[in-house]
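Worksheet: the structure to be examined is printed underneath.
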Amino acid sequence: MARVVQFSAPRLAEVVDFDPPPLPPGHVRVRTAFSGISAGTELTAYRGTNPYLTRSWDADARIFRDSEAGVAFPVVGWGYSESGEVVEVASDVTALSVGDQVWGIWGHRSEAVLPVEKLAGHQLPPGVSLAAASFTRVGAIAYNAILSARITLGDLVAIYGQGVIGLLATRLATLSGAQVLTVDGVESRRAESLKYGALESFAPGSAAEQIRAYGRHGAADTAIELSGVYPALHEAIRSVGVGGRVVASGFYQGDGNGLRLGEEFHHNRVELISSQIGGVPPELANRWSVDRLQTGFLDLVGRGAVDPEPLITHRVPVEDAADAYTLLDTRPGDALQVVLEF
């Protein structure tokens, strides 16, 4: 039997068995090594706050509709950053071989049968471990935010939220030539932020004033918000100057309490940009793609420019998945990246 993690009800994670599916033509079977838990988007499904659980996404019109929910409990196999080994290939498959180590998206399950085109070109590059490869998707989210920020050499960039994606964004912004200041409510994350290239890291509260006082020009050029918290988005807007750019890359839930758009946003004519991993910035779409974000991030890992593996604070056997979600839900300051081991 194979195993998969499911959310049976809000805040109830269980590991259930399922029969491994047969292998049709054009497919490969992958055995999972690591599957990273998203402490942002994924927890919205675990907690029951994800909009897909209350509304329906019309993919053609690209709008949420107040009809029946698009997703219902039990939510089976959530998860979007996996790594593993090809253990079986269909007779007509030539792009992959048994023993290939690959990364991709197939959810928190011990094995998956996938079309070969979903994994072709997803072999691990030299210098990348299976554990590091489980960061591919979150690394791409950080990368996308950096591209959306349009950083130029010497820019003062404020990054709000120093969880896993925020720390990776801090490193990537530094590699892009930015002077980076960061904000987080957890002291240990602020300390980690300095290791990833931040010049200073501030606690929330007066962070916007501290950022404005730091640079010679009285404000940050750009701010990136990655915590998914509305008051943090408001403070990110306060951090930039007239005509400044703010990239909203967090996954915000519910109504925008704490976001006051009649203040600095209105008076400083701040540019607010949404960054979401479903697509790249429109002005780059002729050259960039989501797949390039992912492979580009892994290339940086392989060259040693980014080292995500130290961000793993908990390696949890899949049998103990419920404990992992409880940890992230109730004591988020005690963990950075939690990975499930299969």
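Within each chain, counting starts at residue 1; across the structure tokens, chains are named A, B, ... in the order shown, with ligands numbered 1 upward in that order.
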
Within 12 Å of Pro24 in chain A, counting only C-alpha atoms, which residues qualify if same-chain residues fewer than 5 places away don't, as a PyMOL selection string?
chain A and resi 29+88-93+113-116

Could you please take those selected residues and save N, CA, C and O atoms as a PDB file, in the first residue's frame?
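Contents of the output file part_25.pdb:
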```pdb
ATOM      1  N   ARG A  29       6.596   6.114 -12.592  1.00  0.00           N
ATOM      2  CA  ARG A  29       6.263   6.037 -11.175  1.00  0.00           C
ATOM      3  C   ARG A  29       7.433   6.614 -10.368  1.00  0.00           C
ATOM      4  O   ARG A  29       8.587   6.235 -10.576  1.00  0.00           O
ATOM      5  N   GLU A  88       9.931   3.294 -11.829  1.00  0.00           N
ATOM      6  CA  GLU A  88       9.331   2.502 -12.911  1.00  0.00           C
ATOM      7  C   GLU A  88       9.004   3.437 -14.068  1.00  0.00           C
ATOM      8  O   GLU A  88       8.548   4.569 -13.857  1.00  0.00           O
ATOM      9  N   VAL A  89       9.263   2.974 -15.285  1.00  0.00           N
ATOM     10  CA  VAL A  89       8.909   3.768 -16.467  1.00  0.00           C
ATOM     11  C   VAL A  89       8.134   2.881 -17.433  1.00  0.00           C
ATOM     12  O   VAL A  89       8.380   1.676 -17.529  1.00  0.00           O
ATOM     13  N   ALA A  90       7.179   3.474 -18.120  1.00  0.00           N
ATOM     14  CA  ALA A  90       6.445   2.736 -19.142  1.00  0.00           C
ATOM     15  C   ALA A  90       7.383   2.393 -20.297  1.00  0.00           C
ATOM     16  O   ALA A  90       8.401   3.059 -20.516  1.00  0.00           O
ATOM     17  N   SER A  91       7.030   1.375 -21.036  1.00  0.00           N
ATOM     18  CA  SER A  91       7.913   0.875 -22.096  1.00  0.00           C
ATOM     19  C   SER A  91       8.164   1.897 -23.200  1.00  0.00           C
ATOM     20  O   SER A  91       9.168   1.821 -23.906  1.00  0.00           O
ATOM     21  N   ASP A  92       7.250   2.871 -23.366  1.00  0.00           N
ATOM     22  CA  ASP A  92       7.420   3.864 -24.434  1.00  0.00           C
ATOM     23  C   ASP A  92       8.111   5.133 -23.954  1.00  0.00           C
ATOM     24  O   ASP A  92       8.236   6.104 -24.705  1.00  0.00           O
ATOM     25  N   VAL A  93       8.586   5.169 -22.719  1.00  0.00           N
ATOM     26  CA  VAL A  93       9.219   6.366 -22.156  1.00  0.00           C
ATOM     27  C   VAL A  93      10.725   6.300 -22.362  1.00  0.00           C
ATOM     28  O   VAL A  93      11.363   5.310 -22.000  1.00  0.00           O
ATOM     29  N   VAL A 113       2.126   8.316  -9.870  1.00  0.00           N
ATOM     30  CA  VAL A 113       2.246   7.993 -11.288  1.00  0.00           C
ATOM     31  C   VAL A 113       1.947   9.267 -12.063  1.00  0.00           C
ATOM     32  O   VAL A 113       0.871   9.855 -11.928  1.00  0.00           O
ATOM     33  N   LEU A 114       2.929   9.709 -12.863  1.00  0.00           N
ATOM     34  CA  LEU A 114       2.839  11.010 -13.517  1.00  0.00           C
ATOM     35  C   LEU A 114       3.158  10.888 -15.007  1.00  0.00           C
ATOM     36  O   LEU A 114       3.982  10.057 -15.409  1.00  0.00           O
ATOM     37  N   PRO A 115       2.523  11.722 -15.839  1.00  0.00           N
ATOM     38  CA  PRO A 115       2.919  11.771 -17.244  1.00  0.00           C
ATOM     39  C   PRO A 115       4.380  12.179 -17.372  1.00  0.00           C
ATOM     40  O   PRO A 115       4.851  13.047 -16.629  1.00  0.00           O
ATOM     41  N   VAL A 116       5.084  11.583 -18.286  1.00  0.00           N
ATOM     42  CA  VAL A 116       6.522  11.847 -18.390  1.00  0.00           C
ATOM     43  C   VAL A 116       6.795  13.317 -18.662  1.00  0.00           C
ATOM     44  O   VAL A 116       7.802  13.863 -18.203  1.00  0.00           O
TER      45      VAL A 116
END
```

Please, which residues in range 79-170 of chain A fall within 12 Å of range 264-275 of chain A when counting only C-alpha atoms, and what is the closest atom pair and distance in Å to one decimal for each, ordered by chain then residue number, as CSV?
```
residue,atom,partner,partner_atom,distance
A:Ala140,CA,A:Ser275,CA,11.2
A:Ile141,CA,A:Ser275,CA,8.2
A:Ala142,CA,A:Ser275,CA,9.4
A:Tyr143,CA,A:Ser275,CA,10.0
A:Asn144,CA,A:Ser275,CA,6.7
A:Ala145,CA,A:Ser275,CA,5.7
A:Ile146,CA,A:Ser275,CA,9.2
A:Leu147,CA,A:Ser275,CA,9.1
A:Ser148,CA,A:Ser275,CA,6.6
A:Ala149,CA,A:Ile273,CA,8.3
A:Arg150,CA,A:Ile273,CA,10.9
```

Test item, helix (DSSP H, G or I) assignment across range 160-265 of chain A, answer as an MDAnalysis selection string:
chainID A and resid 164:175 187:195 207:214 230:239 264:265

Once you have the residues from the selection above, write them out as a tab-separated table (two decimals), in the first residue's frame, restricted to N, CA and C atoms.
```tsv
chain	number	residue	atom	x	y	z
A	164	VAL	N	10.62	30.84	5.38
A	164	VAL	CA	11.47	30.21	4.37
A	164	VAL	C	11.52	31.02	3.08
A	165	ILE	N	10.35	31.41	2.57
A	165	ILE	CA	10.33	32.14	1.31
A	165	ILE	C	10.97	33.52	1.49
A	166	GLY	N	10.70	34.16	2.62
A	166	GLY	CA	11.30	35.46	2.87
A	166	GLY	C	12.81	35.41	2.96
A	167	LEU	N	13.35	34.38	3.61
A	167	LEU	CA	14.80	34.25	3.71
A	167	LEU	C	15.42	33.99	2.34
A	168	LEU	N	14.77	33.16	1.54
A	168	LEU	CA	15.28	32.91	0.19
A	168	LEU	C	15.20	34.19	-0.65
A	169	ALA	N	14.13	34.97	-0.48
A	169	ALA	CA	14.02	36.23	-1.20
A	169	ALA	C	15.12	37.20	-0.76
A	170	THR	N	15.46	37.20	0.52
A	170	THR	CA	16.54	38.05	1.01
A	170	THR	C	17.85	37.69	0.34
A	171	ARG	N	18.12	36.41	0.23
A	171	ARG	CA	19.36	35.98	-0.44
A	171	ARG	C	19.34	36.36	-1.92
A	172	LEU	N	18.23	36.15	-2.59
A	172	LEU	CA	18.15	36.45	-4.02
A	172	LEU	C	18.22	37.96	-4.27
A	173	ALA	N	17.61	38.76	-3.41
A	173	ALA	CA	17.69	40.21	-3.56
A	173	ALA	C	19.13	40.69	-3.38
A	174	THR	N	19.84	40.08	-2.43
A	174	THR	CA	21.24	40.42	-2.22
A	174	THR	C	22.07	40.07	-3.46
A	175	LEU	N	21.80	38.89	-4.02
A	175	LEU	CA	22.51	38.50	-5.24
A	175	LEU	C	22.21	39.45	-6.40
A	187	GLU	N	12.44	36.65	16.69
A	187	GLU	CA	13.84	37.07	16.84
A	187	GLU	C	14.80	36.13	16.13
A	188	SER	N	14.57	34.82	16.21
A	188	SER	CA	15.48	33.86	15.58
A	188	SER	C	15.48	34.02	14.07
A	189	ARG	N	14.34	34.38	13.50
A	189	ARG	CA	14.29	34.60	12.05
A	189	ARG	C	15.01	35.87	11.66
A	190	ARG	N	14.94	36.87	12.51
A	190	ARG	CA	15.70	38.10	12.21
A	190	ARG	C	17.19	37.80	12.22
A	191	ALA	N	17.64	36.97	13.15
A	191	ALA	CA	19.05	36.59	13.19
A	191	ALA	C	19.44	35.80	11.95
A	192	GLU	N	18.56	34.89	11.53
A	192	GLU	CA	18.81	34.09	10.33
A	192	GLU	C	18.88	34.99	9.09
A	193	SER	N	18.07	36.03	9.10
A	193	SER	CA	18.02	36.95	7.98
A	193	SER	C	19.37	37.60	7.72
A	194	LEU	N	20.10	37.91	8.77
A	194	LEU	CA	21.42	38.51	8.61
A	194	LEU	C	22.38	37.54	7.93
A	195	LYS	N	22.22	36.25	8.20
A	195	LYS	CA	23.07	35.24	7.55
A	195	LYS	C	22.78	35.16	6.05
A	207	ALA	N	8.98	49.48	12.30
A	207	ALA	CA	9.91	49.07	11.24
A	207	ALA	C	9.91	50.05	10.07
A	208	ALA	N	8.73	50.54	9.68
A	208	ALA	CA	8.68	51.45	8.54
A	208	ALA	C	9.50	52.70	8.81
A	209	GLU	N	9.39	53.26	10.02
A	209	GLU	CA	10.17	54.44	10.36
A	209	GLU	C	11.66	54.13	10.39
A	210	GLN	N	12.04	52.96	10.90
A	210	GLN	CA	13.45	52.58	10.95
A	210	GLN	C	14.01	52.39	9.55
A	211	ILE	N	13.22	51.81	8.66
A	211	ILE	CA	13.67	51.62	7.28
A	211	ILE	C	13.83	52.97	6.60
A	212	ARG	N	12.88	53.86	6.83
A	212	ARG	CA	12.97	55.19	6.21
A	212	ARG	C	14.17	55.98	6.74
A	213	ALA	N	14.54	55.72	7.98
A	213	ALA	CA	15.68	56.43	8.56
A	213	ALA	C	17.01	55.83	8.14
A	214	TYR	N	17.00	54.65	7.57
A	214	TYR	CA	18.24	53.94	7.27
A	214	TYR	C	18.96	54.51	6.06
A	230	TYR	N	-2.10	41.40	6.59
A	230	TYR	CA	-2.47	42.73	6.09
A	230	TYR	C	-1.74	43.87	6.78
A	231	PRO	N	-1.57	43.86	8.11
A	231	PRO	CA	-0.81	44.97	8.72
A	231	PRO	C	0.63	45.05	8.19
A	232	ALA	N	1.23	43.91	7.86
A	232	ALA	CA	2.58	43.92	7.29
A	232	ALA	C	2.57	44.54	5.90
A	233	LEU	N	1.54	44.25	5.12
A	233	LEU	CA	1.42	44.87	3.81
A	233	LEU	C	1.28	46.38	3.95
A	234	HIS	N	0.52	46.81	4.94
A	234	HIS	CA	0.38	48.24	5.18
A	234	HIS	C	1.73	48.87	5.53
A	235	GLU	N	2.50	48.20	6.40
A	235	GLU	CA	3.81	48.73	6.78
A	235	GLU	C	4.78	48.72	5.60
A	236	ALA	N	4.67	47.71	4.74
A	236	ALA	CA	5.52	47.69	3.54
A	236	ALA	C	5.22	48.91	2.67
A	237	ILE	N	3.94	49.25	2.54
A	237	ILE	CA	3.57	50.44	1.77
A	237	ILE	C	4.13	51.70	2.42
A	238	ARG	N	4.13	51.75	3.75
A	238	ARG	CA	4.67	52.91	4.46
A	238	ARG	C	6.19	53.02	4.30
A	239	SER	N	6.85	51.92	3.97
A	239	SER	CA	8.31	51.90	3.92
A	239	SER	C	8.88	52.58	2.68
A	264	GLU	N	-0.63	56.29	3.24
A	264	GLU	CA	0.57	56.42	2.40
A	264	GLU	C	0.37	55.90	0.98
A	265	PHE	N	-0.41	54.83	0.83
A	265	PHE	CA	-0.64	54.29	-0.51
A	265	PHE	C	-1.22	55.36	-1.43
```

Using only C-alpha atoms, find each residue of range 78-184 of chain A with at least one atom at most 10 Å away from an atom of range 31-40 of chain A; report its shortest atom-to-atom pair and that distance in Å (one decimal), sort the rows by chain and rising residue number, and return the result as a Markdown table.
```
| residue | atom | partner | partner_atom | distance |
| --- | --- | --- | --- | --- |
| A:Trp78 | CA | A:Ile37 | CA | 9.0 |
| A:Gly79 | CA | A:Ile37 | CA | 6.5 |
| A:Tyr80 | CA | A:Gly36 | CA | 7.6 |
| A:Ser81 | CA | A:Gly36 | CA | 5.6 |
| A:Glu82 | CA | A:Ser35 | CA | 4.4 |
| A:Ser83 | CA | A:Phe34 | CA | 5.4 |
| A:Gly84 | CA | A:Thr32 | CA | 4.2 |
| A:Glu85 | CA | A:Arg31 | CA | 5.3 |
| A:Val86 | CA | A:Arg31 | CA | 6.3 |
| A:Val87 | CA | A:Arg31 | CA | 6.4 |
| A:Glu88 | CA | A:Arg31 | CA | 9.2 |
| A:Gln101 | CA | A:Ala33 | CA | 9.5 |
| A:Val102 | CA | A:Thr32 | CA | 9.4 |
| A:Trp103 | CA | A:Thr32 | CA | 9.3 |
| A:Gly104 | CA | A:Ser35 | CA | 9.8 |
| A:Ile105 | CA | A:Ser35 | CA | 9.1 |
| A:Trp106 | CA | A:Thr32 | CA | 9.0 |
| A:Gly107 | CA | A:Ser35 | CA | 7.4 |
| A:His108 | CA | A:Ser35 | CA | 6.0 |
| A:Arg109 | CA | A:Thr32 | CA | 7.0 |
| A:Ser110 | CA | A:Thr32 | CA | 5.1 |
| A:Glu111 | CA | A:Arg31 | CA | 4.4 |
| A:Ala112 | CA | A:Arg31 | CA | 6.8 |
| A:Val113 | CA | A:Arg31 | CA | 9.1 |
| A:Leu130 | CA | A:Ala33 | CA | 7.0 |
| A:Ala131 | CA | A:Phe34 | CA | 6.2 |
| A:Ala132 | CA | A:Phe34 | CA | 9.2 |
| A:Ala133 | CA | A:Phe34 | CA | 8.6 |
| A:Ser134 | CA | A:Gly36 | CA | 5.9 |
| A:Phe135 | CA | A:Gly36 | CA | 7.0 |
| A:Thr136 | CA | A:Gly36 | CA | 9.6 |
| A:Arg137 | CA | A:Gly36 | CA | 9.3 |
| A:Val138 | CA | A:Ser38 | CA | 8.0 |
| A:Gly163 | CA | A:Ala39 | CA | 8.4 |
| A:Val164 | CA | A:Ala39 | CA | 8.5 |
| A:Ile165 | CA | A:Ser38 | CA | 9.5 |
```

If you count only C-alpha atoms, the residue of A:Gly254, A:Val318, A:Leu119, A:Gly161 closest to Pro51 in chain A turns out to be A:Gly254

Looking at A:Ala2, A:Val183, A:Leu12, A:Asp100, which one is nearest to Thr326 in chain A, with distances taken over only C-alpha atoms?
A:Leu12

Calculated over only C-alpha atoms, which of the candidates A:Val186, A:His27, A:Val71, A:Leu124 has the smallest distance to Thr94 in chain A?
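The closest residue to Thr94 in chain A is A:His27.
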
All strand (DSSP E or B) residues (DSSP, backbone) inside range 267-339 of chain A, as a PyMOL selection string:
chain A and resi 271-274+312-317+337-339

Please report the interatomic distance between CA of Tyr325 in chain A and CA of Gln253 in chain A in Å with one decimal.
18.5 Å

Nearby residues (only C-alpha atoms) at most 9 Å from Phe18 in chain A, same-chain spacing under 3 positions excluded, as a PyMOL selection string
chain A and resi 1-4+21

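With only C-alpha atoms as the atoms that count, the residue of A:Gly70, A:Gly121, A:Pro310, A:Gly228 with the shortest distance to Leu43 in chain A is A:Gly228.
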
Two-atom distance - CA of Leu336 in chain A, CA of His314 in chain A (Å)
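Between CA of Leu336 in chain A and CA of His314 in chain A the gap is 7.9 Å.
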
Excluding Ser176 in chain A and residues on its chain fewer than 4 positions from it, collect all residues at most 8 Å away from it, counting only C-alpha atoms, and give them as a list in words.
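My reading of the contact set: Ile151, Thr152, Leu153 and Leu172 of chain A.
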
Once you have the residues from the selection above, write them out as a CSV table (one decimal), in the first residue's frame, restricted to all heavy atoms.
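Saved result, selection26.csv, follows:
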```csv
chain,number,residue,atom,x,y,z
A,151,ILE,N,14.5,44.9,-9.3
A,151,ILE,CA,15.6,45.5,-8.5
A,151,ILE,C,16.7,45.9,-9.4
A,151,ILE,O,17.1,45.2,-10.3
A,151,ILE,CB,16.1,44.4,-7.5
A,151,ILE,CG1,15.0,44.1,-6.4
A,151,ILE,CG2,17.4,44.9,-6.8
A,151,ILE,CD1,15.3,43.0,-5.5
A,152,THR,N,17.2,47.1,-9.1
A,152,THR,CA,18.4,47.6,-9.8
A,152,THR,C,19.6,47.7,-8.8
A,152,THR,O,19.3,47.8,-7.6
A,152,THR,CB,18.2,48.9,-10.5
A,152,THR,OG1,17.7,49.9,-9.5
A,152,THR,CG2,17.1,48.8,-11.6
A,153,LEU,N,20.8,47.7,-9.3
A,153,LEU,CA,22.0,47.7,-8.4
A,153,LEU,C,21.9,48.9,-7.5
A,153,LEU,O,21.8,50.0,-7.9
A,153,LEU,CB,23.2,47.8,-9.3
A,153,LEU,CG,24.6,47.7,-8.6
A,153,LEU,CD1,24.7,46.3,-8.0
A,153,LEU,CD2,25.7,48.0,-9.6
A,172,LEU,N,18.2,36.1,-2.6
A,172,LEU,CA,18.1,36.5,-4.0
A,172,LEU,C,18.2,38.0,-4.3
A,172,LEU,O,18.8,38.4,-5.3
A,172,LEU,CB,16.9,35.9,-4.6
A,172,LEU,CG,16.8,34.4,-4.6
A,172,LEU,CD1,15.4,33.9,-5.1
A,172,LEU,CD2,17.8,33.7,-5.5
```

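Among the candidates A:Pro281, A:Gly197, A:Pro22, A:Gly241, the residue lying nearest to Arg216 in chain A is A:Gly241 (atoms considered: only C-alpha atoms).
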
List the neighbours of range 52-56 of chain A out to 8 Å using only C-alpha atoms; skip same-chain residues closer than 2 positions along the sequence, and give me the result as a list in words.
Ala45, Gly48, Thr49, Asn50, Asp58, Phe64, Arg65, Asp66, Ser67, Glu68, Ala69, Gly70, Val71 and Ala72 of chain A
